[in-house]
file upload.cif (mmCIF, C-alpha atoms)
data_my_file
loop_
_atom_site.label_atom_id
_atom_site.label_comp_id
_atom_site.auth_asym_id
_atom_site.auth_seq_id
_atom_site.Cartn_x
_atom_site.Cartn_y
_atom_site.Cartn_z
CA MET A 208 103.52 32.78 112.77
CA VAL A 209 101.95 33.53 116.11
CA LEU A 210 102.88 36.81 117.78
CA MET A 211 102.56 36.18 121.48
CA SER A 212 101.56 39.31 123.33
CA ASP A 213 104.93 40.69 124.44
CA PRO A 214 105.08 44.37 125.47
CA SER A 215 108.85 44.35 125.97
CA PRO A 216 110.99 47.19 124.53
CA GLY A 217 112.11 46.54 120.98
CA PHE A 218 109.14 44.27 120.21
CA LEU A 219 108.42 46.34 117.10
CA SER A 220 112.06 47.06 116.23
CA PRO A 221 111.76 45.49 112.74
CA PHE A 222 109.39 48.32 111.81
CA GLY A 223 111.50 51.38 112.62
CA ARG A 224 114.83 52.65 113.93
CA PRO A 225 115.18 52.13 117.71
CA ASP A 226 116.58 55.66 118.05
CA GLY A 227 113.94 57.27 115.83
CA PRO A 228 110.35 58.32 116.41
CA PRO A 229 107.77 55.53 116.55
CA ALA A 230 105.90 54.66 113.37
CA TRP A 231 102.62 54.41 115.24
CA ARG A 232 100.40 56.34 117.59
CA GLU A 233 98.19 55.41 120.49
CA ASP A 234 94.43 55.95 120.19
CA ALA A 235 91.54 55.15 122.51
CA LEU A 236 88.19 53.49 121.84
CA LEU A 237 85.11 52.86 123.98
CA GLY A 238 85.61 55.97 126.05
CA GLY A 239 89.20 55.05 126.92
CA ARG A 240 88.54 51.40 127.79
CA VAL A 241 90.62 50.23 124.82
CA ARG A 242 94.17 51.22 123.97
CA LEU A 243 94.79 50.90 120.22
CA LEU A 244 98.14 51.28 118.46
CA GLN A 245 97.83 52.41 114.84
CA PRO A 246 100.34 53.27 112.09
CA LEU A 247 100.99 56.95 111.46
CA ALA A 248 100.68 56.18 107.75
CA GLY A 249 98.14 53.80 106.28
CA TYR A 250 94.74 52.54 107.37
CA ARG A 251 93.41 53.55 110.78
CA ALA A 252 90.25 52.16 112.30
CA ALA A 253 87.01 54.15 112.37
CA ILE A 254 83.78 53.12 114.10
CA ASP A 255 83.01 50.02 112.01
CA PRO A 256 85.10 47.57 114.08
CA VAL A 257 83.56 49.02 117.25
CA LEU A 258 80.09 48.28 115.89
CA LEU A 259 81.18 44.81 114.82
CA ALA A 260 82.46 43.99 118.29
CA ALA A 261 79.28 45.36 119.89
CA ALA A 262 77.19 42.96 117.80
CA ALA A 263 79.15 39.89 118.91
CA ASP A 264 77.55 37.95 121.76
CA PRO A 265 79.14 34.49 121.90
CA ALA A 266 78.60 32.04 124.73
CA PRO A 267 80.75 32.44 127.86
CA GLY A 268 84.30 31.23 127.31
CA ALA A 269 83.85 30.88 123.55
CA ARG A 270 86.76 30.88 121.11
CA VAL A 271 86.45 33.88 118.77
CA LEU A 272 88.57 34.69 115.72
CA ASP A 273 88.87 38.17 114.21
CA ALA A 274 89.77 37.44 110.57
CA GLY A 275 91.76 40.29 109.04
CA THR A 276 92.13 41.92 112.43
CA GLY A 277 94.35 44.80 111.28
CA THR A 278 95.58 46.58 114.39
CA GLY A 279 93.03 44.67 116.46
CA ALA A 280 90.29 47.27 116.95
CA ALA A 281 87.34 44.86 116.87
CA LEU A 282 89.17 42.15 118.81
CA LEU A 283 90.29 44.57 121.53
CA CYS A 284 86.81 46.08 121.88
CA LEU A 285 85.30 42.62 122.19
CA ALA A 286 87.91 41.58 124.75
CA ALA A 287 87.18 44.72 126.77
CA ARG A 288 83.46 43.95 126.82
CA ARG A 289 83.88 40.20 127.31
CA PRO A 290 87.09 39.32 129.18
CA ASP A 291 85.87 35.73 129.54
CA LEU A 292 86.42 35.04 125.83
CA ASP A 293 89.43 33.34 124.25
CA VAL A 294 90.19 35.72 121.36
CA THR A 295 92.47 35.26 118.36
CA GLY A 296 93.39 37.69 115.60
CA LEU A 297 94.63 36.74 112.12
CA GLU A 298 96.32 39.45 110.04
CA LEU A 299 98.32 39.26 106.81
CA GLN A 300 100.30 42.49 107.14
CA ALA A 301 103.24 42.46 109.53
CA LEU A 302 103.07 45.91 111.12
CA PRO A 303 99.33 45.90 111.94
CA ALA A 304 99.69 42.36 113.32
CA ALA A 305 102.57 43.40 115.57
CA LEU A 306 100.70 46.48 116.79
CA ALA A 307 97.65 44.35 117.56
CA ALA A 308 99.77 41.89 119.54
CA MET A 309 101.39 44.68 121.52
CA ALA A 310 98.04 46.28 122.35
CA LEU A 311 96.53 42.92 123.29
CA ALA A 312 99.36 42.37 125.77
CA HIS A 313 98.08 45.29 127.83
CA THR A 314 94.56 43.89 128.21
CA GLY A 315 95.57 41.00 130.43
CA GLY A 316 92.98 38.78 128.74
CA ARG A 317 93.32 35.48 126.92
CA GLY A 318 94.37 35.97 123.33
CA ARG A 319 96.95 35.81 120.60
CA ILE A 320 97.64 37.34 117.21
CA TRP A 321 98.67 35.26 114.21
CA ALA A 322 100.54 36.81 111.30
CA GLY A 323 99.14 34.82 108.39
CA ASP A 324 96.95 34.66 105.30
CA LEU A 325 93.22 34.02 105.65
CA GLY A 326 93.33 32.27 102.28
CA HIS A 327 95.97 29.86 103.60
CA PRO A 328 95.55 30.02 107.37
CA PRO A 329 97.97 28.42 109.81
CA PRO A 330 96.94 24.77 110.27
CA GLU A 331 96.88 25.29 114.03
CA LEU A 332 93.75 27.42 113.65
CA GLY A 333 91.70 24.72 111.96
CA PRO A 334 87.88 24.66 112.15
CA ALA A 335 88.14 25.44 115.85
CA PHE A 336 86.17 28.64 116.50
CA ASP A 337 82.73 29.19 117.96
CA MET A 338 82.52 32.59 116.24
CA VAL A 339 84.42 34.41 113.51
CA ILE A 340 84.07 38.19 113.29
CA THR A 341 85.40 40.08 110.29
CA ASN A 342 85.52 43.50 108.64
CA PRO A 343 86.47 42.58 105.04
CA PRO A 344 87.84 45.09 102.52
CA TYR A 345 84.92 47.18 101.32
CA ARG A 346 85.68 47.55 97.61
CA ALA A 347 86.01 44.91 94.92
CA ALA A 348 89.30 44.76 93.04
CA GLY A 349 89.44 47.30 90.23
CA THR A 350 86.64 49.52 91.56
CA GLY A 351 86.85 52.99 93.06
CA THR A 352 90.04 54.95 93.67
CA GLU A 353 92.81 52.92 95.23
CA ALA A 354 94.81 54.50 98.05
CA PRO A 355 98.48 55.20 97.25
CA HIS A 356 99.63 53.71 100.56
CA ALA A 357 99.96 49.92 100.24
CA GLN A 358 98.69 49.09 103.74
CA ARG A 359 95.63 51.30 103.37
CA ARG A 360 94.98 49.98 99.86
CA ARG A 361 95.01 46.38 101.08
CA ALA A 362 92.64 47.27 103.93
CA HIS A 363 90.11 48.95 101.62
CA HIS A 364 90.33 46.94 98.39
CA GLU A 365 89.99 43.22 97.79
CA THR A 366 92.77 41.49 95.91
CA PRO A 367 91.92 39.51 92.75
CA ASP A 368 92.64 36.22 94.53
CA MET A 369 90.48 37.09 97.56
CA PRO A 370 87.09 38.47 96.48
CA LEU A 371 84.36 38.85 99.07
CA ALA A 372 82.83 35.43 98.35
CA ARG A 373 86.14 33.67 98.98
CA TRP A 374 86.79 35.77 102.09
CA ILE A 375 83.46 34.62 103.50
CA ALA A 376 84.13 30.99 102.53
CA CYS A 377 87.51 31.09 104.28
CA CYS A 378 85.89 32.47 107.43
CA LEU A 379 83.25 29.73 107.40
CA ALA A 380 85.98 27.10 107.03
CA LEU A 381 87.50 28.18 110.36
CA LEU A 382 84.23 27.75 112.26
CA LYS A 383 83.15 24.69 114.16
CA PRO A 384 79.93 23.07 112.91
CA ARG A 385 77.05 25.39 113.83
CA GLY A 386 79.52 28.18 114.60
CA ARG A 387 78.52 31.77 113.87
CA LEU A 388 79.96 34.29 111.42
CA LEU A 389 79.55 38.02 112.03
CA LEU A 390 80.67 40.63 109.52
CA ILE A 391 80.28 44.33 108.75
CA GLN A 392 80.31 45.58 105.18
CA ARG A 393 79.04 48.33 102.89
CA ALA A 394 75.26 48.12 102.48
CA ASP A 395 75.55 48.10 98.69
CA ARG A 396 77.34 44.74 98.89
CA LEU A 397 74.56 43.00 100.78
CA ASP A 398 73.50 41.01 97.72
CA ALA A 399 77.00 39.57 97.36
CA ILE A 400 77.10 38.68 101.06
CA VAL A 401 73.76 36.86 100.98
CA SER A 402 74.75 35.04 97.79
CA ALA A 403 78.01 33.85 99.36
CA LEU A 404 76.27 32.62 102.51
CA GLN A 405 73.37 30.79 100.88
CA GLY A 406 74.04 27.07 101.03
CA PRO A 407 76.92 26.78 103.50
CA ALA A 408 75.19 28.95 106.11
CA GLY A 409 71.74 30.02 107.22
CA ASP A 410 69.85 31.74 110.04
CA LEU A 411 70.91 35.05 108.49
CA THR A 412 70.31 38.23 110.47
CA ILE A 413 70.77 41.62 108.81
CA PHE A 414 71.27 44.70 110.98
CA PRO A 415 71.40 47.97 108.98
CA VAL A 416 73.38 50.99 110.16
CA TRP A 417 71.78 54.28 109.12
CA PRO A 418 73.76 57.56 109.04
CA ARG A 419 70.60 59.51 109.92
CA ALA A 420 66.88 58.92 109.97
CA GLY A 421 65.45 58.90 106.46
CA GLN A 422 68.80 58.21 104.78
CA PRO A 423 69.80 54.92 103.14
CA ALA A 424 71.80 52.52 105.25
CA HIS A 425 75.53 52.76 104.52
CA ARG A 426 76.64 49.68 106.47
CA VAL A 427 75.15 46.30 107.31
CA ILE A 428 76.11 43.89 110.04
CA VAL A 429 75.30 40.34 108.96
CA ALA A 430 75.21 37.29 111.21
CA ALA A 431 74.95 33.72 109.94
CA ARG A 432 75.28 30.19 111.30
CA LYS A 433 77.44 27.58 109.59
CA GLY A 434 75.12 24.81 108.48
CA GLY A 435 72.04 26.76 109.59
CA ARG A 436 68.75 26.45 107.73
CA GLY A 437 66.59 29.10 109.40
CA PRO A 438 64.99 32.01 107.49
CA LEU A 439 66.55 35.43 107.01
CA ARG A 440 65.63 38.19 109.47
CA LEU A 441 65.89 41.95 108.87
CA LEU A 442 66.19 43.99 112.07
CA ALA A 443 65.49 47.67 112.70
CA GLY A 444 69.18 48.53 112.95
CA LEU A 445 70.95 51.54 114.44
CA CYS A 446 70.74 55.23 113.52
CA LEU A 447 74.09 56.93 114.16
CA HIS A 448 73.43 60.68 114.07
CA GLU A 449 70.64 63.03 115.12
CA ASN A 450 68.99 64.71 112.12
CA ASP A 451 71.50 67.01 110.39
CA SER A 452 73.76 67.15 113.41
CA SER A 453 77.13 65.49 113.84
CA ARG A 454 76.04 64.41 117.33
CA TYR A 455 75.54 60.72 117.89
CA THR A 456 72.12 59.46 118.89
CA PRO A 457 71.85 58.20 122.48
CA ASP A 458 71.81 54.60 121.23
CA ALA A 459 74.94 55.12 119.13
CA GLU A 460 76.68 56.97 121.95
CA ALA A 461 75.98 54.06 124.30
CA VAL A 462 77.65 51.63 121.88
CA LEU A 463 80.60 53.77 120.81
CA ARG A 464 81.48 55.39 124.15
CA ASP A 465 79.95 53.23 126.87
CA ALA A 466 80.60 49.73 125.43
CA ALA A 467 76.90 48.83 125.16
CA ALA A 468 76.01 45.79 123.07
CA LEU A 469 73.96 45.66 119.88
CA ASP A 470 71.18 43.08 120.10
CA LEU A 471 71.14 40.97 116.96
CA ASP A 472 69.14 38.26 118.68
CA PRO A 473 65.99 39.97 120.01
CA ARG A 474 63.96 36.76 120.01
CA GLY A 475 66.58 34.42 121.34
CA ARG A 476 67.49 32.59 118.11
CA ARG A 477 71.06 31.38 118.50
#
call {"tool": "encode", "arguments": {"input": "upload.cif", "output": "structure tokens"}}
result
Amino acid sequence: MVLMSDPSPGFLSPFGRPDGPPAWREDALLGGRVRLLQPLAGYRAAIDPVLLAAAADPAPGARVLDAGTGTGAALLCLAARRPDLDVTGLELQALPAALAAMALAHTGGRGRIWAGDLGHPPPELGPAFDMVITNPPYRAAGTGTEAPHAQRRRAHHETPDMPLARWIACCLALLKPRGRLLLIQRADRLDAIVSALQGPAGDLTIFPVWPRAGQPAHRVIVAARKGGRGPLRLLAGLCLHENDSSRYTPDAEAVLRDAAALDLDPRGRR
């Protein structure tokens, strides 16, 4: 089901009493450039979708899908940076999908949100996208402590029928030939990501995200091309914080506050 961006009153009425307090709050990203609506209970976006969007640099006018868009943080940040793009979000859970559609309505850009399952996507989506961006659940099923809230649990933990390898395969299936996949994930799952991409994709680029200088990377942004055969590249990455301080480094501040891009293609390989 496609949720056309409709900001009219009552758009989210299935998710709360019309006469009661809203079940969501409004947050801002990119120094106020992005308006994001997020549930009061459940998963709320941190900086990872902002970094994911900053790393996306598709061709002008490209069709881009955010697979598992949640409340649309990555998609909205990308649309704010690149209003020329035709953006689509796909989200399984009803409330985050509706919130994403409502927020997208206020951008004035081209886009739509689909409420649907990545494992069984709406046939209208097809292999039609120049780029797919995605922030998959970080933990494998049965590992770690699961959140008591169902929406947060689904955002953080894979389900048994959708492990990371299948998530990646489903994303690749929605790409045009030679289309590009871009994902952010925990650094300790890099081996699983590379294993899932080998064969159906190539031209891998790995961009580590370091909490501080001298500390192990805790996130990786990985780019790959469907049907690509080029070698893997490991880039220098981004350091988020200055030494033992909570302050962001100037480079991180530029990305998170000022909507600067992350360059995953320093030598022009696209």
call {"tool": "residues_around", "arguments": {"input": "upload.cif", "residues": "Ala263 in chain A", "least_positions_apart": "6", "cutoff": "9 Å", "atoms": "all atoms listed in the file", "output": "list in words"}}
result
Leu285, Met338, Ile340, Leu389, Ala468, Leu469, Asp470 and Leu471 of chain A
call {"tool": "closest_residue", "arguments": {"input": "upload.cif", "among": "A:Gln405, A:Val339, A:Pro265, A:Arg464", "to": "Ile391 in chain A", "atoms": "all atoms listed in the file"}}
result
A:Val339
call {"tool": "resolve_selection", "arguments": {"input": "upload.cif", "expression": "the PyMOL selection byres ((chain A and resi 259-261) around 10)", "output": "VMD selection string"}}
result
chain A and resid 254 to 258 262 to 264 273 280 to 289 340 to 342 389 to 392 427 to 429 462 to 463 466 to 471
call {"tool": "closest_residue", "arguments": {"input": "upload.cif", "among": "A:Pro415, A:Ser453, A:Arg317, A:Leu272", "to": "Thr295 in chain A", "atoms": "all atoms listed in the file"}}
result
A:Leu272
call {"tool": "closest_residue", "arguments": {"input": "upload.cif", "among": "A:Gly434, A:Gly249, A:Pro329, A:Gly315", "to": "Arg387 in chain A", "atoms": "only C-alpha atoms"}}
result
A:Gly434
call {"tool": "resolve_selection", "arguments": {"input": "upload.cif", "expression": "the PyMOL selection byres ((chain A and resi 251) around 10)", "output": "PyMOL selection string"}}
result
chain A and resi 234+243-250+252-253+277-278+280+303+358-359+362
call {"tool": "closest_residue", "arguments": {"input": "upload.cif", "among": "A:Pro290, A:Ala310, A:Gly318, A:Ala380", "to": "Gly333 in chain A", "atoms": "only C-alpha atoms"}}
result
A:Ala380
call {"tool": "closest_residue", "arguments": {"input": "upload.cif", "among": "A:Leu292, A:Val416, A:Ala266, A:Ala305", "to": "Ala230 in chain A", "atoms": "all atoms listed in the file"}}
result
A:Ala305
call {"tool": "atom_distance", "arguments": {"input": "upload.cif", "atom1": "CA of Cys378 in chain A", "atom2": "CA of Met309 in chain A"}}
result
24.2 Å
call {"tool": "atom_distance", "arguments": {"input": "upload.cif", "atom1": "CA of Ala235 in chain A", "atom2": "CA of Leu447 in chain A"}}
result
19.4 Å
call {"tool": "closest_residue", "arguments": {"input": "upload.cif", "among": "A:Leu397, A:Leu439, A:Cys377, A:Leu388", "to": "Thr412 in chain A", "atoms": "all atoms listed in the file"}}
result
A:Leu439
call {"tool": "atom_distance", "arguments": {"input": "upload.cif", "atom1": "CA of Leu306 in chain A", "atom2": "CA of Thr366 in chain A"}}
result
22.9 Å
call {"tool": "axis_aligned_box", "arguments": {"input": "upload.cif", "around": "range 448-463 of chain A", "padding_each_side": "6 Å", "output": "lines of an AutoDock Vina configuration file"}}
result
center_x = 74.8
center_y = 59.4
center_z = 117.3
size_x = 23.6
size_y = 27.5
size_z = 25.9
call {"tool": "resolve_selection", "arguments": {"input": "upload.cif", "expression": "the PyMOL selection byres ((chain A and resi 424) around 9)", "output": "list of chain:residue names"}}
result
A:Arg393, A:Ala394, A:Asp395, A:Pro415, A:Val416, A:Trp417, A:Pro418, A:Arg419, A:Gln422, A:Pro423, A:His425, A:Arg426, A:Val427, A:Cys446
call {"tool": "residues_around", "arguments": {"input": "upload.cif", "residues": "Leu382 in chain A", "least_positions_apart": "6", "cutoff": "6 Å", "atoms": "all atoms listed in the file", "output": "PyMOL selection string"}}
result
chain A and resi 334-336
